[in-house]
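File shown: work.csv. Contents: CSV, C-alpha atoms.
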```csv
chain,number,residue,atom,x,y,z
A,22,MET,CA,23.9,-21.6,7.3
A,23,THR,CA,20.4,-21.7,5.8
A,24,ALA,CA,20.3,-21.9,2.0
A,25,LEU,CA,18.6,-18.9,0.5
A,26,ARG,CA,16.6,-18.7,-2.7
A,27,THR,CA,15.5,-15.5,-4.5
A,28,VAL,CA,12.0,-15.1,-6.0
A,29,THR,CA,11.6,-12.5,-8.8
A,30,VAL,CA,8.5,-10.4,-8.4
A,31,LYS,CA,7.1,-7.9,-11.0
A,32,ALA,CA,5.1,-5.0,-9.6
A,33,THR,CA,3.9,-1.6,-10.4
A,34,ASP,CA,5.3,1.5,-8.7
A,35,TRP,CA,2.1,1.7,-6.7
A,36,GLN,CA,2.4,-1.8,-5.4
A,37,ARG,CA,6.1,-1.3,-4.5
A,38,ALA,CA,5.3,1.9,-2.6
A,39,CYS,CA,2.5,0.2,-0.6
A,40,TRP,CA,4.6,-2.8,0.3
A,41,GLU,CA,7.5,-0.5,1.2
A,42,ALA,CA,5.3,1.6,3.5
A,43,GLU,CA,3.8,-1.4,5.2
A,44,GLY,CA,7.3,-2.9,5.7
A,45,LYS,CA,8.5,0.5,7.3
A,46,ARG,CA,5.4,0.5,9.5
A,47,LEU,CA,6.4,-3.0,10.8
A,48,GLY,CA,10.1,-2.0,11.0
A,49,VAL,CA,11.3,-4.5,8.4
A,50,SER,CA,12.4,-4.3,4.8
A,51,ARG,CA,10.0,-4.6,1.9
A,52,GLY,CA,11.2,-8.1,1.1
A,53,ALA,CA,10.9,-9.3,4.7
A,54,PHE,CA,7.4,-7.9,4.9
A,55,MET,CA,6.5,-9.8,1.7
A,56,ALA,CA,7.9,-13.0,2.9
A,57,TRP,CA,6.0,-12.6,6.2
A,58,ALA,CA,2.7,-11.8,4.3
A,59,ALA,CA,3.2,-14.8,2.0
A,60,ASP,CA,3.7,-17.1,5.0
A,61,MET,CA,0.6,-15.6,6.7
A,62,ALA,CA,-1.4,-16.2,3.6
A,63,ILE,CA,-0.5,-19.9,3.6
A,64,GLY,CA,-1.1,-20.1,7.3
A,65,PHE,CA,-4.6,-18.6,7.0
A,66,ARG,CA,-5.4,-20.8,4.0
A,67,GLU,CA,-4.4,-23.9,5.9
A,68,ALA,CA,-6.3,-22.9,9.0
A,69,TYR,CA,-9.4,-22.1,6.9
A,70,ASN,CA,-9.2,-25.5,5.2
A,71,LYS,CA,-8.8,-27.4,8.5
A,72,VAL,CA,-11.7,-25.6,10.2
A,73,THR,CA,-13.9,-26.0,7.1
A,74,GLU,CA,-13.2,-29.8,7.0
A,75,GLU,CA,-13.8,-30.2,10.7
A,76,HIS,CA,-17.1,-28.4,10.3
A,77,ASP,CA,-18.0,-30.5,7.3
A,78,ARG,CA,-17.2,-33.7,9.3
A,79,GLU,CA,-19.5,-32.6,12.1
A,80,MET,CA,-22.3,-31.7,9.8
A,81,HIS,CA,-22.1,-34.6,7.4
A,82,PRO,CA,-20.4,-37.6,9.2
A,83,GLU,CA,-21.8,-40.1,6.7
A,84,LYS,CA,-19.6,-38.7,4.0
A,85,TYR,CA,-16.5,-39.6,5.9
A,86,LYS,CA,-17.5,-43.0,7.2
A,87,ALA,CA,-16.2,-44.8,4.1
A,88,LEU,CA,-12.9,-43.0,4.3
B,7,MET,CA,1.5,0.8,-16.9
B,8,LYS,CA,5.1,0.8,-15.7
B,9,VAL,CA,6.2,-2.5,-14.1
B,10,ALA,CA,9.6,-3.2,-12.5
B,11,SER,CA,11.1,-6.5,-11.3
B,12,PHE,CA,12.9,-7.1,-8.0
B,13,SER,CA,13.9,-10.1,-5.9
B,14,VAL,CA,12.7,-11.4,-2.6
B,15,ARG,CA,15.0,-13.7,-0.6
B,16,ALA,CA,13.5,-16.7,1.0
B,17,THR,CA,14.7,-19.8,2.8
B,18,MET,CA,14.5,-23.1,1.0
B,19,ALA,CA,11.5,-24.2,3.1
B,20,GLN,CA,9.6,-20.9,2.3
B,21,SER,CA,10.4,-21.3,-1.3
B,22,VAL,CA,9.0,-24.8,-1.4
B,23,ARG,CA,5.8,-23.7,0.5
B,24,TRP,CA,5.3,-20.8,-1.8
B,25,LYS,CA,5.8,-22.9,-4.9
B,26,ARG,CA,3.3,-25.4,-3.7
B,27,ALA,CA,0.7,-22.7,-2.9
B,28,ALA,CA,1.3,-21.0,-6.3
B,29,GLU,CA,0.7,-24.3,-8.1
B,30,ALA,CA,-2.4,-25.0,-6.1
B,31,GLU,CA,-3.9,-21.6,-6.9
B,32,GLY,CA,-3.1,-21.9,-10.6
B,33,HIS,CA,-0.3,-19.3,-10.8
B,34,ALA,CA,2.3,-19.6,-13.6
B,35,SER,CA,5.1,-18.4,-11.3
B,36,VAL,CA,5.8,-17.9,-7.6
B,37,GLY,CA,6.3,-14.2,-8.2
B,38,THR,CA,2.7,-13.6,-9.4
B,39,TRP,CA,1.3,-15.6,-6.4
B,40,LEU,CA,3.5,-13.7,-4.0
B,41,ALA,CA,2.4,-10.3,-5.3
B,42,GLU,CA,-1.3,-11.3,-5.1
B,43,ALA,CA,-0.8,-12.7,-1.5
B,44,VAL,CA,0.8,-9.4,-0.3
B,45,ASP,CA,-1.9,-7.3,-2.1
B,46,ALA,CA,-4.6,-9.4,-0.5
B,47,HIS,CA,-3.0,-8.9,2.9
B,48,LEU,CA,-3.0,-5.1,2.4
B,49,GLU,CA,-6.6,-5.1,1.0
B,50,HIS,CA,-7.7,-6.9,4.1
B,51,ARG,CA,-6.2,-4.1,6.2
B,52,THR,CA,-7.8,-1.5,4.0
B,53,ARG,CA,-11.2,-3.1,4.4
B,54,ALA,CA,-10.7,-3.0,8.1
B,55,GLY,CA,-11.1,0.7,7.6
B,56,LYS,CA,-7.6,1.7,8.8
B,57,PRO,CA,-5.8,4.5,6.9
B,58,LEU,CA,-2.9,3.3,4.9
B,59,PRO,CA,0.4,4.2,6.6
B,60,LEU,CA,2.7,6.2,4.3
B,61,PHE,CA,6.4,6.6,4.6
B,62,TRP,CA,7.5,10.2,4.1
B,63,SER,CA,11.0,11.3,3.1
B,64,ARG,CA,12.5,14.6,1.8
B,65,GLY,CA,12.3,15.1,-1.9
B,66,ARG,CA,11.6,17.4,-4.8
B,67,PHE,CA,8.5,17.4,-7.1
B,68,ARG,CA,6.7,19.5,-9.6
B,69,VAL,CA,3.5,21.4,-8.7
B,70,ARG,CA,1.0,23.2,-10.9
B,71,LEU,CA,0.4,26.5,-9.1
B,72,GLU,CA,-2.6,28.9,-9.4
B,73,ASN,CA,-0.7,31.2,-11.7
B,74,GLY,CA,-0.3,28.4,-14.3
B,75,THR,CA,3.4,27.8,-13.7
B,76,ALA,CA,4.7,24.4,-12.6
B,77,PRO,CA,8.0,24.8,-10.6
B,78,GLU,CA,9.9,22.1,-8.9
B,79,LEU,CA,9.6,22.5,-5.2
B,80,SER,CA,11.2,20.7,-2.3
B,81,GLY,CA,9.2,19.1,0.5
B,82,TRP,CA,8.2,15.7,1.7
B,83,VAL,CA,7.3,12.7,-0.6
B,84,ALA,CA,5.3,9.5,0.0
B,85,ARG,CA,4.2,8.4,-3.5
B,86,PRO,CA,1.8,9.2,-5.0
B,87,PHE,CA,1.7,12.3,-2.7
B,88,GLY,CA,3.9,15.2,-1.9
B,89,LEU,CA,3.6,18.0,0.5
B,90,TYR,CA,5.4,21.4,0.7
B,91,HIS,CA,5.4,24.5,3.0
B,92,GLY,CA,3.2,26.9,1.2
B,93,THR,CA,-0.2,27.5,-0.4
B,94,GLN,CA,-1.6,26.7,-3.9
B,95,ALA,CA,-0.3,30.2,-4.9
B,96,GLY,CA,3.3,29.0,-4.3
B,97,PRO,CA,5.8,28.1,-1.6
B,98,VAL,CA,6.2,30.2,1.5
B,99,PRO,CA,9.7,31.3,2.4
B,100,HIS,CA,11.1,30.3,5.8
B,101,GLY,CA,8.9,31.8,8.4
B,102,SER,CA,6.1,31.1,10.8
B,103,THR,CA,3.3,31.1,8.3
B,104,LYS,CA,1.4,27.9,8.9
B,105,CYS,CA,0.4,26.6,5.4
B,106,HIS,CA,1.1,23.2,4.1
B,107,THR,CA,-0.2,21.9,0.8
B,108,LEU,CA,-0.8,18.3,-0.2
B,109,VAL,CA,0.0,17.5,-3.9
B,110,TYR,CA,-1.1,14.5,-6.0
B,111,LEU,CA,2.2,13.9,-7.9
B,112,PRO,CA,1.1,12.0,-11.0
B,113,ASP,CA,-0.6,15.1,-12.4
B,114,ALA,CA,1.2,17.6,-10.1
B,115,ARG,CA,-2.2,18.8,-8.7
B,116,PRO,CA,-2.5,20.4,-5.3
B,117,VAL,CA,-5.2,18.6,-3.4
B,118,ALA,CA,-5.7,20.8,-0.3
B,119,THR,CA,-4.0,23.3,2.0
B,120,PHE,CA,-3.9,22.9,5.8
B,121,ARG,CA,-2.2,24.7,8.7
B,122,TYR,CA,-0.3,21.7,9.8
B,123,ALA,CA,1.8,19.1,7.8
B,124,ARG,CA,0.3,16.3,9.9
B,125,HIS,CA,-3.2,17.1,8.5
B,126,CYS,CA,-1.8,16.7,5.0
B,127,LYS,CA,-0.2,13.4,5.9
B,128,SER,CA,-3.4,12.2,7.5
B,129,LEU,CA,-5.5,13.1,4.5
B,130,ALA,CA,-2.9,11.4,2.2
B,131,SER,CA,-3.3,8.2,4.2
B,132,GLU,CA,-7.1,8.3,3.9
B,133,LEU,CA,-6.9,9.0,0.2
B,134,ALA,CA,-4.4,6.2,-0.3
B,135,ARG,CA,-6.8,3.8,1.5
B,136,LEU,CA,-9.6,4.8,-0.8
B,137,TRP,CA,-7.4,4.5,-3.9
B,138,VAL,CA,-6.0,1.1,-2.9
B,139,ARG,CA,-9.6,-0.1,-3.1
B,140,TRP,CA,-9.6,1.1,-6.7
B,141,GLY,CA,-6.5,-0.8,-7.6
B,142,GLY,CA,-4.1,2.1,-7.2
B,143,SER,CA,-5.9,4.4,-9.7
B,144,GLU,CA,-7.7,7.5,-8.6
B,145,PRO,CA,-11.3,6.7,-7.8
B,146,THR,CA,-14.1,8.0,-9.9
B,147,GLU,CA,-16.0,8.9,-6.7
B,148,ASP,CA,-15.8,12.5,-5.6
B,149,PRO,CA,-13.2,13.0,-2.8
B,150,ALA,CA,-14.8,16.3,-1.8
B,151,PRO,CA,-16.7,15.0,1.3
B,152,LEU,CA,-13.4,13.7,2.7
B,153,LEU,CA,-11.6,17.0,2.0
B,154,GLN,CA,-14.5,18.9,3.6
B,155,ARG,CA,-14.3,16.7,6.7
B,156,PHE,CA,-10.6,17.4,7.1
B,157,GLN,CA,-11.1,21.1,6.6
B,158,ARG,CA,-14.0,21.1,9.2
B,159,GLU,CA,-11.8,19.2,11.7
B,160,GLU,CA,-9.0,21.6,11.2
B,161,ALA,CA,-11.2,24.6,11.7
```

Translate the structure of the given file into structure tokens.
Amino acid sequence: MTALRTVTVKATDWQRACWEAEGKRLGVSRGAFMAWAADMAIGFREAYNKVTEEHDREMHPEKYKAL
Amino acid sequence: MKVASFSVRATMAQSVRWKRAAEAEGHASVGTWLAEAVDAHLEHRTRAGKPLPLFWSRGRFRVRLENGTAPELSGWVARPFGLYHGTQAGPVPHGSTKCHTLVYLPDARPVATFRYARHCKSLASELARLWVRWGGSEPTEDPAPLLQRFQREEA
């Protein structure tokens, strides 16, 4: 069985309502939607960093020669 | 501003990933990072121009009517909006009269009356999209053009 952790989040009524509505739209609970959105945020950030670095390597190969 | 706490369950791997991301982005706790990440996701959807989907359920709420009274009426609620069967003069008893009124719940103010409940829900989604852009507070910009567009479309 996978070990579970709980993360405490403070939110306004408005935030909770928005997250709840989006979770319902996707057919999952508010918590499941938040966990999914958090994983997506990390995935997007990693993809952005990777593509940015690749682009930088192509544009400025001299910077990376010494590495 | 009223703030409440609740818990989100995560696997150990997720918890570690989130903690690392929160530290990298300078957040004092994983909770604040998580709230910001989810809000950013919704804001991205909002900027894409899609109306914000609202979840409607049966409920009771107070409405300031034209005659100055503020009775509690039953209808449908998707905070911060409510909708009831009736006009801004008051609720319509059971019957075939097609009048539904959208209410802004924080100040119990009727926003608009339409023939069909689906038009009220659609307007609420559009207004919610505008108001998310303003951090959940009512925008200072005039919502009249949006209301007029909905009334034209209904006519």

Just the number, please: distance in Å from CA of Ser11 in chain B to CA of Trp39 in chain B, one decimal.
14.2 Å

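Taking CA of Ala27 in chain B as the reference point, CA of Tyr85 in chain A is found at 25.7 Å.
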
Counting only C-alpha atoms, a student should be able to say which residues of chain A come within 9 Å of chain B; what is the right answer, written as a ChimeraX atom specification?
/A:23-43,45-46,51-63

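You will find CA of Arg70 in chain B at 26.7 Å from CA of Pro57 in chain B.
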
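Those residues that approach Ala76 in chain B to within 12 Å, counting only C-alpha atoms, are Phe67, Arg68, Val69, Arg70, Leu71, Glu72, Gln94, Ala95, Gly96, Pro97, Leu111, Asp113, Ala114, Arg115 and Pro116 of chain B; same-chain residues fewer than 4 positions away are not listed.
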
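Distance check against Val83 in chain B using only C-alpha atoms: of B:Thr52, B:Thr103, B:Thr119, B:Leu108, the minimum falls on B:Leu108.
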
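When all atoms listed in the file are used to compute distances to Pro112 in chain B, the closest of the residues B:Glu49, B:Phe87, B:Glu29, B:His100 turns out to be B:Phe87.
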